[in-house]
Amino acid sequence: MKTSKKLTEKVTWVGKVDWELSSFHGEELSTHRGSSYNAYLIRDEKVALIDTVWVPFDKEFVKNLKSEIDLKEIDYVIIQHGEIDHSGSLPELMREIPDVPIYCTQNAVKSLKGHYHQDWNFVPVKTGDTLDLGESKLVFVEAPMLHWPDSMFTYMTGENILFSNDAFGQHYATESLYNDRSSECEIYEEAIKYYANILTPFSRQVLKKIDEVLAMNLPVNMIATSHGVIWRHDPLQIVHKYKEWASDYQENQITIVYDTMWNGTKAIAEAIAAGIQLGDPDVTVKLYHAGKEDKNDIITQIFKAKAVLVGSSTVNNGLLSSIASIMELVKGLKFKNKKGAAFGSYGWSGEGVKLITGLLEGAGFEVVNEGFRAMWQPDEEALNAAKEFGKNFAESVK
């Protein structure tokens, strides 16, 4: 059964839609709407395959590719990034066409050899190198740290398609293929989640690479990503959105993240939220129980926020594990231009607020106060104080 889809007369999508995918990077990233592994077959005077699909689908991929073309007609394989969701079908494919050259960055040679321990016919490329297919050419653009050191983009002249690898993608399963045939709301929800959880630490490189690509003044009819939709309608919209997200992004939002043992810290969180609305009626307040809600969705809301309040009960002279885990993620993502403070309830030693304050500082947040603590189950007086704390916090971050 042929599953391919024609983008143009020369370019065909030969990827895999993975509707059942629920997590990615092991269990590190949730994918509520599945994903796709986008690979592209280009037929000009010469034939090039851009990327493959994840290893669980390698036999299916090669079988489907055979129904599309005699594999011996493939002149070149382009691997834009060595991670196995892109390159996983290479061993199965190269058993069929072992001598076909693989064009990739020098760093990708290292990662591909590291994954598969095969000495295939690698052809390292760098920015500005071209591959002549006939009427069209492929132009390679290295894109290190978007999001691995081995990443690159590939631009196809004539068709004016930018094959953008992981940049501008989303973990989003759709048979519709294009952005103008899918839900814009869902696409952007997944695109910002993808950026916040994967690309945020590399925002400086994102800005630099976008400026470099835009300076080339290349016409772009499509941006063909490695995951999710292909940007066909107003394709540069996602490029401009990336520039926003990469520029120390924030919305007029305060995000509260907490975990609680006996609901004392929960009561404080809700009182703080009520106080924030008194201090700034125009600000959006989001409240998340880290022990119950998806960590990647929480990270996305931290990314969107101008300020974050983090709360935990004190347990064993430390923090509840979900808060410790979220703060480890926050530290690694290197968020910029955000303020924060800590809160929590305690029964005996009460180190939690001080520990969170230190973690916020270590993650680069501007900590605006010493935080809020309440002993045991907060009474009416403590809840009123928490509400006032929220009001003052909102006013301080306006």
# chains A, B, ... in the order shown; residues from 1 in each chain; ligands from 1
$ residues_around --residues "A:Ala48" --least-positions-apart "4" --cutoff "12 Å" --atoms "only C-alpha atoms" --output "PyMOL selection string"
chain A and resi 10-12+39-44+52+69+71-79+100-103+131-134+136-138+154+156
$ select_by_dssp --residues "stretch 219-284 of chain A" --states "strand (DSSP E)" --output "short mmCIF file (atom, residue, chain, number, x, y, z; two decimals) with N, CA and C atoms, in the first residue's frame"
data_model
loop_
_atom_site.label_atom_id
_atom_site.label_comp_id
_atom_site.auth_asym_id
_atom_site.auth_seq_id
_atom_site.Cartn_x
_atom_site.Cartn_y
_atom_site.Cartn_z
N MET A 222 7.75 26.55 0.84
CA MET A 222 7.39 25.61 1.89
C MET A 222 8.54 25.47 2.87
N ILE A 223 8.18 25.22 4.12
CA ILE A 223 9.16 24.76 5.11
C ILE A 223 8.74 23.34 5.47
N ALA A 224 9.57 22.39 5.06
CA ALA A 224 9.28 20.97 5.26
C ALA A 224 10.04 20.49 6.48
N THR A 225 9.32 20.33 7.58
CA THR A 225 9.92 19.99 8.87
C THR A 225 10.14 18.48 8.99
N GLN A 253 1.72 36.90 31.96
CA GLN A 253 1.24 35.72 32.67
C GLN A 253 2.12 35.43 33.88
N ILE A 254 1.50 35.03 34.96
CA ILE A 254 2.20 34.53 36.14
C ILE A 254 1.79 33.07 36.32
N THR A 255 2.77 32.20 36.37
CA THR A 255 2.53 30.77 36.51
C THR A 255 2.89 30.32 37.92
N ILE A 256 1.98 29.63 38.56
CA ILE A 256 2.20 29.09 39.91
C ILE A 256 2.30 27.58 39.80
N VAL A 257 3.40 27.03 40.30
CA VAL A 257 3.64 25.60 40.27
C VAL A 257 3.88 25.13 41.70
N TYR A 258 3.18 24.07 42.11
CA TYR A 258 3.32 23.63 43.50
C TYR A 258 3.10 22.12 43.60
N ASP A 259 3.56 21.56 44.71
CA ASP A 259 3.14 20.24 45.14
C ASP A 259 2.85 20.33 46.63
N THR A 284 -2.71 37.19 33.39
CA THR A 284 -3.23 35.82 33.35
C THR A 284 -2.52 35.00 34.42
#
$ select_by_dssp --residues "stretch 35-279 of chain A" --states "alpha helix (DSSP H)" --output "PyMOL selection string"
chain A and resi 58-68+84-87+90-94+106-116+184-194+203-215+237-246+264-279
$ residues_around --residues "A:Ser183" --least-positions-apart "6" --cutoff "12 Å" --atoms "only C-alpha atoms" --output "VMD selection string"
chain A and resid 33 172 to 174 176 to 177 189 to 190 228 to 229
$ write_last_selection --atoms "C-alpha atoms" --output "mmCIF file, in the first residue's frame"
data_model
loop_
_atom_site.group_PDB
_atom_site.id
_atom_site.type_symbol
_atom_site.label_atom_id
_atom_site.label_comp_id
_atom_site.auth_asym_id
_atom_site.auth_seq_id
_atom_site.Cartn_x
_atom_site.Cartn_y
_atom_site.Cartn_z
ATOM 1 C CA ARG A 33 -1.088 14.427 19.902
ATOM 2 C CA TYR A 172 1.712 16.461 15.982
ATOM 3 C CA ALA A 173 0.142 13.582 14.071
ATOM 4 C CA THR A 174 -1.898 14.550 11.025
ATOM 5 C CA SER A 176 -3.494 16.430 6.334
ATOM 6 C CA LEU A 177 0.238 17.171 6.027
ATOM 7 C CA GLU A 189 0.138 24.688 21.030
ATOM 8 C CA GLU A 190 2.474 21.894 19.982
ATOM 9 C CA GLY A 228 4.383 17.632 12.304
ATOM 10 C CA VAL A 229 2.962 19.839 9.581
#
$ closest_residue --among "A:Ser182, A:Asn384, A:Ser23, A:Asn337" --to "A:Ala269" --atoms "only C-alpha atoms"
A:Asn384
$ residues_around --residues "A:Phe393" --least-positions-apart "6" --cutoff "8 Å" --atoms "only C-alpha atoms" --output "PDB file with N, CA and C atoms, in the first residue's frame"
ATOM      1  N   ILE A 276      -2.953  37.726  43.457  1.00  0.00           N
ATOM      2  CA  ILE A 276      -2.359  38.227  42.210  1.00  0.00           C
ATOM      3  C   ILE A 276      -3.399  38.984  41.399  1.00  0.00           C
ATOM      4  N   GLY A 279      -3.765  42.379  42.723  1.00  0.00           N
ATOM      5  CA  GLY A 279      -2.621  43.238  42.429  1.00  0.00           C
ATOM      6  C   GLY A 279      -2.524  43.652  40.976  1.00  0.00           C
ATOM      7  N   VAL A 368      12.343  38.060  43.591  1.00  0.00           N
ATOM      8  CA  VAL A 368      11.869  39.385  43.986  1.00  0.00           C
ATOM      9  C   VAL A 368      11.642  39.531  45.481  1.00  0.00           C
TER      10      VAL A 368
END
$ residues_around --residues "stretch 82-88 of chain A" --least-positions-apart "5" --cutoff "10 Å" --atoms "only C-alpha atoms" --output "MDAnalysis selection string"
chainID A and resid 15 24:25 36:39 50:58 93 104:105 107:116 148:151 165:166 226:227
$ closest_residue --among "A:Ser89, A:Thr300, A:Asn221, A:Asn121" --to "A:Ile161" --atoms "only C-alpha atoms"
A:Asn221
